[in-house]
Every structure is written in C-alpha cells, then in structure tokens.
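Okay, structure first, notes after.
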Amino acid sequence: MSANRRDHGSIFRAMLQEFDAAARILNLEPGIWKILTHPKRQVTVSCPVQMDNGEIEVFTGYRVQYNITLGPGKGGIRYHPDVSLDEVTALAAWMTWKCAVAHIPFGGAKGGVICDPSSMSRRELEALTRRYIAEIIDLIGPEKDVPAPDVNTNEQIMAWVMDTYSMHVGHTSTAIVTGKPLELGGSLGRHEATGRGVMIVARESAKHVGFDINGATVAVQGCGNVGSISAKLLAQIGAKIVAVTDWNGGVYNAAGLDLPKLIDYVNDQREQRSVKGFAGAEPLTNEQLFTLDVDVLIPAALENQITMDNAPAIRAKVVIEGANGPTTPDAHQHLHQRGVFVVPDILANSAGVTASYFEWVQDRYGYFWTEKDVNERLEMKMCEAFNAVLQTSLKYHVDMRMAAYIVAIDRVATVTRMRGMYA
Ligand code: GLU
C-alpha cells in the first residue's frame with residue numbers, strides 16, 4: 001500500500017482542494033479562509049531510544065495542532081514507516097473538520113512517529129512512546145490537546161501515554177488521553193466505537209439510497225480495529241461480508257465470511273497478523289476487492305487507496321470511508337459522477353472521536369456510564385451528524401463530502417468570527 005500512497009503526492013494538498021471547494025460554496029471571507037488553511041502549530045521532535053541490541057536509535061515524531069478554536073486539540077498518534085509532516089498535518093486538519101461535523105467541543109490535532117512497530121519489541125515500543133510523550137509534554141494536556149489511538153497504536157500504548165504524562169505532572173491525569181484500557185479510566189464502547197459508527201452510517205446510507213442493509217453484500221479493505229469491527233457489526237445486522245483484504249492478502253466467500261471466526265484467526269497470530277490463509281474462503285487481492293459487485297465497499301486501511309487507477313472498476317452503490325483520506329479527489333469526483341454514494345471519512349469514521357469525547361467527559365466527571373448509555377448516545381450523535389450532512393447535501397445540491405466540509409467549516413468559521421482577533 002505504501003508505494004501507492006506516496007505516488008499520489010501531498011495529502012495536505014488533497015485536503016486543501018476539498019476545503020477550497022466547500023469554502024467557495026459557503027462564500028467564506030478571505031481572512032477566515034486564510035486562518036483555516038494554515039496549521040496553528042507543527043512540532044517535530046527527535047526521540048532517542050535504546051534498542052534491545054544496546055544500540056541507540058533516533059526516531060522522528062510529530063504533533064500538529066491544526067486548529068483549536070472549538071476546544072482542546074484532539075487526534076490520534078500513528079506509528080508507521082510512511083509517517084510524514086505532510087500526512088500528520090492533513091490528518092490534523094481532518095480531525096478539525098471531523099470534530100466539527102460530529103458536533104463535539106474539540107479542535108483538531110494529530111501525532112505520528114516514523115517507525116515500524118511490527119519489528120519492535122514491547123519494551124522498545126514502550127520506551128519510544130514514553131520518550132515521544134516526554135518530548136511533546138508542554139503541548140498536551142486535558143484542556144490543551146488530547147491524544148488517542150490511530151494506525152498501529154492501541155490501548156496499551158495509551159496507558160503508557162497516560163502514565164508518562166501523569167508522572168510528569170505529579171498526579172494521575174486520566175483525561176490526558178482517550179482510548180485507554182477500562183481499568184485506567186477508559187470508556188465502555190470506545191474500542192468498538194469507530195466500527196459501530198461505520199455500521200450506523202452504512203445502514204443509514206442504504207436507507208437513503210434505497211436498499212436493505214439486511215442481506216446487502218459488503219467488501220472491506222483493512223482488518224484492523226475499524227475494518228474488523230465494522231464488518232462484524234454489519235454481519236450482526238444481516239449484511240453479508242463477502243470479502244476482506246489487508247496488507248498481506250485477502251479472502252473471499254460469496255456466501256459470506258464467518259466474521260467472528262475470521263477475527264479470531266487474525267488475533268491468534270502472534271505478529272504480522274493477516275486474514276491471508278483463512279480456511280473456508282478463496283484468496284483475493286486488494287486490486288480484486290475494488291472490482292467486486294457488492295452493495296457496500298468500506299476502505300478501512302490507509303490513505304490514497306481509491307485512485308483513478310481503480311475507481312473506474314468500482315461497482316459498489318455505496319462507499320463508506322472507514323479510513324482517513326482513502327479516496328483521492330479525482331477518484332471521488334469520478335465516483336460521484338457515476339452516482340456512487342460516498343460517505344466521507346470525516347463523517348463515516350467520526351464515531352471514534354465521538355466516543356473519545358464521551359471518555360474525556362467521564363474522566364473529567366469521575367463518573368462512568370454503562371455500555372448501553374455509550375452506545376445509545378453514539379447512535380444519536382451519529383444519526384444527527386449523518387442527517388445534518390445529508391440535509392446540507394440536498395440543500396446545496398452537492399455530494400456528501402462537500403456537504404460535510406460545508407457543515408464543518410461553517411461551524412468553525414462561526415466561532416472564529418464570534419471570538420474575534422487576538423491582538
Ligand atoms: N484516530 C481516530 C481518528 O482518526 C480517533 C481520534 C480520537 O479519538 O481522538 O478519528
């Protein structure tokens with residue numbers, strides 16, 4: 001996947017292209033336009049780590065606070081060899097629009113470290129995490145900037161983030177990070193939230209487009225947190241998951257894959273986990289996945305996966321962007337013109353950050369909700385966000401991506417105007 005991502009140039013530029021189109025429709029004044037197209041803070045840090053072989057490695061890390069007008073910066077930390085400042089900036093911008101679409105009181109931020117976690121030991125990962133957090137410690141805080149999991153980071157890593165920050169400030173601070181283990185102030189339902197939101201949005205999209213999600217066929221790219229859980233929850237409401245692919249290969253079964261078994265199969269592998277080789281299914285490549293005759297296609301891996309190289313072959317009625325930035329702007333245009341209903345990332349995967357908001361609220365309150373409470377509130381927030389974007393798309397006669405940007409930019413611009421200019 002990585003070569004493909006690089007070939008398509010600046011991800012931040014792709015974000016700006018989407019932003020500009022929506023800002024034009026909104027008739028946004030030039031001053032606010034300038035503010036909203038510049039990242040507020042971009043920090044690069046070097047993180048020395050003693051590796052298990054005794055040698056010292058220096059890892060480059062980033063934290064970008066794109067905009068903190070609506071509240072503390074919010075956004076995950078990504079560990080990946082292809083992390084770059086351009087990518088982290090685009091992801092921080094998307095977090096800004098995502099929090100605004102989700103209607104939660106957060107700005108947008110993102111972090112990333114250039115590393116290959118699959119080749120690192122647990123001790124090395126812990127040392128890297130603690131050093132990275134120590135390097136950005138002045139930037140973050142429950143009211144400043146609240147990290148969370150993203151690609152290749154998980155609950156254990158969030159526990160180390162929480163501990164490192166707490167040791168620095170001298171007391172336990174649970175609201176510094178979300179996506180923590182339950183025992184450390186995590187929220188019930190957070191782990192499944194992004195996948196649950198993708199399922200809700202797919203169900204609502206099917207209603208709008210005019211087919212029944214019960215019995216609909218689904219193909220999923222990616223079998224990480226988002227891909228696997230959205231597939232599992234869609235199967236629970238009667239959808240037939242016919243294909244799942246990941247970084248190493250894929251599996252296809254026209255009669256529907258057994259999701260709980262597939263997830264167990266992946267989780268039982270110690271490292272370099274993949275769906276490849278799962279019994280009871282035929283092998284399938286990533287390229288083939290995009291050409292399948294399915295009702296719903298869910299890219300839930302990395303950026304720039306749907307490009308003009310494969311978009312013309314896509315036959316799905318609905319595309320739900322589980323990943324951030326999986327579709328290039330020209331490929332999106334092509335799909336839209338062909339009548340494919342594309343639900344953009346900043347809406348489709350926003351349940352993750354919405355549940356993060358719930359976690360942050362519970363930590364600050366010191367009072368924890370039941371899983372039922374979390375899921376019901378998530379359902380309400382997702383339906384509210386989906387409808388706001390759908391109504392905007394009907395009002396302005398634009399696609400769902402443009403509509404989501406219009407909703408988000410309008411909300412951030414309104415608050416920027418009301419707050420006025422400092423100094
Ligand atoms: N990494 C997730 C995202 O891209 C969640 C961020 C968060 O919960 O702050 O939306």
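Scheme for the structure tokens: letters A, B, ... for chains in order shown; per-chain residue numbers from 1; ligand numbers from 1 in order shown.
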Give me, as a Markdown table, the closest atom pair and its distance (Å, one decimal) for every residue of chain A within a cut-off of 6 Å of ligand 1, counting only C-alpha atoms and all ligand atoms, rows sorted by chain and rising number.
| residue | atom | partner | partner_atom_place_in_ligand_line | distance |
| --- | --- | --- | --- | --- |
| A:Lys74 | CA | ligand 1 | 9 (O) | 4.8 |
| A:Gly75 | CA | ligand 1 | 9 (O) | 3.7 |
| A:Gly76 | CA | ligand 1 | 1 (N) | 4.0 |
| A:Pro147 | CA | ligand 1 | 9 (O) | 5.7 |
| A:Ala148 | CA | ligand 1 | 9 (O) | 4.6 |
| A:Pro149 | CA | ligand 1 | 1 (N) | 5.2 |
| A:Asp150 | CA | ligand 1 | 1 (N) | 3.9 |
| A:Ser350 | CA | ligand 1 | 10 (O) | 5.8 |
| A:Gly352 | CA | ligand 1 | 5 (C) | 5.0 |
| A:Val353 | CA | ligand 1 | 8 (O) | 3.6 |
| A:Ser356 | CA | ligand 1 | 8 (O) | 4.7 |
Take the residues just selected and output them with N, CA, C and O atoms as a PDB file, in the first residue's frame.
ATOM      1  N   LYS A  74      -7.619  17.468  19.364  1.00  0.00           N
ATOM      2  CA  LYS A  74      -7.969  16.059  19.555  1.00  0.00           C
ATOM      3  C   LYS A  74      -7.501  15.285  18.350  1.00  0.00           C
ATOM      4  O   LYS A  74      -7.728  15.709  17.208  1.00  0.00           O
ATOM      5  N   GLY A  75      -6.888  14.147  18.596  1.00  0.00           N
ATOM      6  CA  GLY A  75      -6.468  13.321  17.465  1.00  0.00           C
ATOM      7  C   GLY A  75      -5.470  12.258  17.876  1.00  0.00           C
ATOM      8  O   GLY A  75      -4.773  12.398  18.878  1.00  0.00           O
ATOM      9  N   GLY A  76      -5.436  11.216  17.095  1.00  0.00           N
ATOM     10  CA  GLY A  76      -4.647  10.037  17.437  1.00  0.00           C
ATOM     11  C   GLY A  76      -3.155  10.212  17.220  1.00  0.00           C
ATOM     12  O   GLY A  76      -2.668  11.239  16.751  1.00  0.00           O
ATOM     13  N   PRO A 147      -4.433  13.213  23.026  1.00  0.00           N
ATOM     14  CA  PRO A 147      -4.164  12.162  22.031  1.00  0.00           C
ATOM     15  C   PRO A 147      -5.095  10.949  22.165  1.00  0.00           C
ATOM     16  O   PRO A 147      -5.899  10.844  23.088  1.00  0.00           O
ATOM     17  N   ALA A 148      -4.959  10.023  21.241  1.00  0.00           N
ATOM     18  CA  ALA A 148      -5.808   8.816  21.173  1.00  0.00           C
ATOM     19  C   ALA A 148      -5.118   7.805  20.258  1.00  0.00           C
ATOM     20  O   ALA A 148      -4.098   8.125  19.652  1.00  0.00           O
ATOM     21  N   PRO A 149      -5.676   6.607  20.140  1.00  0.00           N
ATOM     22  CA  PRO A 149      -5.069   5.632  19.221  1.00  0.00           C
ATOM     23  C   PRO A 149      -5.324   5.986  17.750  1.00  0.00           C
ATOM     24  O   PRO A 149      -6.275   6.676  17.434  1.00  0.00           O
ATOM     25  N   ASP A 150      -4.448   5.516  16.898  1.00  0.00           N
ATOM     26  CA  ASP A 150      -4.640   5.613  15.446  1.00  0.00           C
ATOM     27  C   ASP A 150      -3.935   4.388  14.853  1.00  0.00           C
ATOM     28  O   ASP A 150      -3.747   3.393  15.562  1.00  0.00           O
ATOM     29  N   SER A 350     -16.281   9.156  12.296  1.00  0.00           N
ATOM     30  CA  SER A 350     -16.247  10.121  13.404  1.00  0.00           C
ATOM     31  C   SER A 350     -16.742   9.557  14.729  1.00  0.00           C
ATOM     32  O   SER A 350     -16.628  10.222  15.762  1.00  0.00           O
ATOM     33  N   GLY A 352     -15.391   7.268  16.370  1.00  0.00           N
ATOM     34  CA  GLY A 352     -14.218   7.020  17.224  1.00  0.00           C
ATOM     35  C   GLY A 352     -13.946   8.226  18.104  1.00  0.00           C
ATOM     36  O   GLY A 352     -13.833   8.120  19.328  1.00  0.00           O
ATOM     37  N   VAL A 353     -13.900   9.392  17.489  1.00  0.00           N
ATOM     38  CA  VAL A 353     -13.585  10.589  18.269  1.00  0.00           C
ATOM     39  C   VAL A 353     -14.794  11.005  19.113  1.00  0.00           C
ATOM     40  O   VAL A 353     -14.632  11.580  20.188  1.00  0.00           O
ATOM     41  N   SER A 356     -14.408   9.072  22.071  1.00  0.00           N
ATOM     42  CA  SER A 356     -13.284   9.660  22.808  1.00  0.00           C
ATOM     43  C   SER A 356     -13.775  10.847  23.626  1.00  0.00           C
ATOM     44  O   SER A 356     -13.354  11.055  24.770  1.00  0.00           O
TER      45      SER A 356
END
So that I can see what lies close to segment 290-297 of chain A, please list as a PDB file with C-alpha atoms, in the first residue's frame the residues with an atom at most 7 Å from it, counting only C-alpha atoms and leaving out residues fewer than 3 positions away in the same chain.
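Contents of result28.pdb, as written:
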ATOM      1  CA  ALA A 216     -26.698  -6.469   1.376  1.00  0.00           C
ATOM      2  CA  THR A 217     -23.210  -7.544   0.238  1.00  0.00           C
ATOM      3  CA  VAL A 218     -20.151  -5.815   1.695  1.00  0.00           C
ATOM      4  CA  ALA A 219     -16.416  -5.760   0.893  1.00  0.00           C
ATOM      5  CA  VAL A 220     -13.937  -4.391   3.428  1.00  0.00           C
ATOM      6  CA  ASN A 286      -6.562  -5.889  -2.884  1.00  0.00           C
ATOM      7  CA  GLU A 287      -6.983  -4.989  -6.572  1.00  0.00           C
ATOM      8  CA  ASN A 310      -9.089   1.519  -9.636  1.00  0.00           C
ATOM      9  CA  ALA A 313     -13.760  -0.563 -11.837  1.00  0.00           C
ATOM     10  CA  ILE A 314     -15.686   0.009  -8.595  1.00  0.00           C
ATOM     11  CA  ARG A 315     -19.229  -1.394  -8.794  1.00  0.00           C
ATOM     12  CA  ALA A 316     -20.460  -0.699  -5.242  1.00  0.00           C
ATOM     13  CA  LYS A 317     -23.533   1.521  -4.764  1.00  0.00           C
ATOM     14  CA  VAL A 318     -22.166   2.966  -1.543  1.00  0.00           C
ATOM     15  CA  VAL A 319     -18.595   3.649  -0.358  1.00  0.00           C
ATOM     16  CA  ILE A 320     -18.123   4.258   3.377  1.00  0.00           C
TER      17      ILE A 320
END
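Here atom CA of Glu384 of chain A and atom CA of Val101 of chain A stand 9.6 Å from one another.
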ask   = So which bits of segment 77-209 of chain A end up alpha helix (DSSP H) when you DSSP the backbone, as a PyMOL selection string?
value = chain A and resi 85-102+122-135+155-169+190-209
request  = Skip Thr89 of chain A itself and residues of its chain fewer than 6 positions away, then list as an MDAnalysis selection string all residues within 9 Å of it, counting only C-alpha atoms.
outcome  = chainID A and resid 11:12 39 42 63:66 109:111
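Separating atom CA of Gly322 of chain A from atom CA of Ala348 of chain A is a distance of 6.0 Å.
Residue nearest Ser119 of chain A within the list A:Asp52, A:Leu182, A:Val161, A:Met167: A:Asp52 [criterion: smallest interatomic distance, only C-alpha atoms].
Remark: for Phe19 of chain A, the closest of the candidate residues A:Thr174, A:Thr96, A:Asn152, A:Val45 is A:Thr96 (distances computed over only C-alpha atoms).
Proximity of A:Leu289, A:Val49, A:Ile137, A:Ile229 to Leu262 of chain A, computed with only C-alpha atoms, is greatest for A:Ile229.
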Give me, as a Markdown table, the closest atom pair and its distance (Å, one decimal) for every residue of segment 139-217 of chain A within a cut-off of 9 Å of segment 369-374 of chain A, counting only C-alpha atoms, rows sorted by chain and rising number.
| residue | atom | partner | partner_atom | distance |
| --- | --- | --- | --- | --- |
| A:Ser187 | CA | A:Trp369 | CA | 7.7 |
| A:Leu188 | CA | A:Glu371 | CA | 5.1 |
| A:Gly189 | CA | A:Glu371 | CA | 5.7 |
| A:Arg190 | CA | A:Val374 | CA | 8.4 |
request  = Name the residues in contact with Leu284 of chain A at a cut-off of 6 Å, using only C-alpha atoms, excluding same-chain residues fewer than 6 positions from it; report them as a ChimeraX atom specification.
outcome  = /A:250-252
remark   = Residue with the minimum atom-to-atom distance to Asn53 of chain A, picked from A:Lys180, A:His336, A:His171, A:Arg123 with only C-alpha atoms counted, is A:Arg123
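Nearest to Ala175 of chain A of all the residues A:Val146, A:Ala239, A:Ala23, A:Cys99 is A:Val146, counting only C-alpha atoms.
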remark   = Restricting to only C-alpha atoms, whichever of A:Met400, A:Ile77, A:Val169, A:Leu347 is closest to Ala102 of chain A is A:Leu347
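Contact shell of Gly238 of chain A at 7 Å (only C-alpha atoms; same-chain neighbours under 6 positions omitted): Ile213, Asn214 and Gly215 of chain A.
For the pair atom CA of Gly339 of chain A and atom CA of His208 of chain A, the separation is 13.1 Å.
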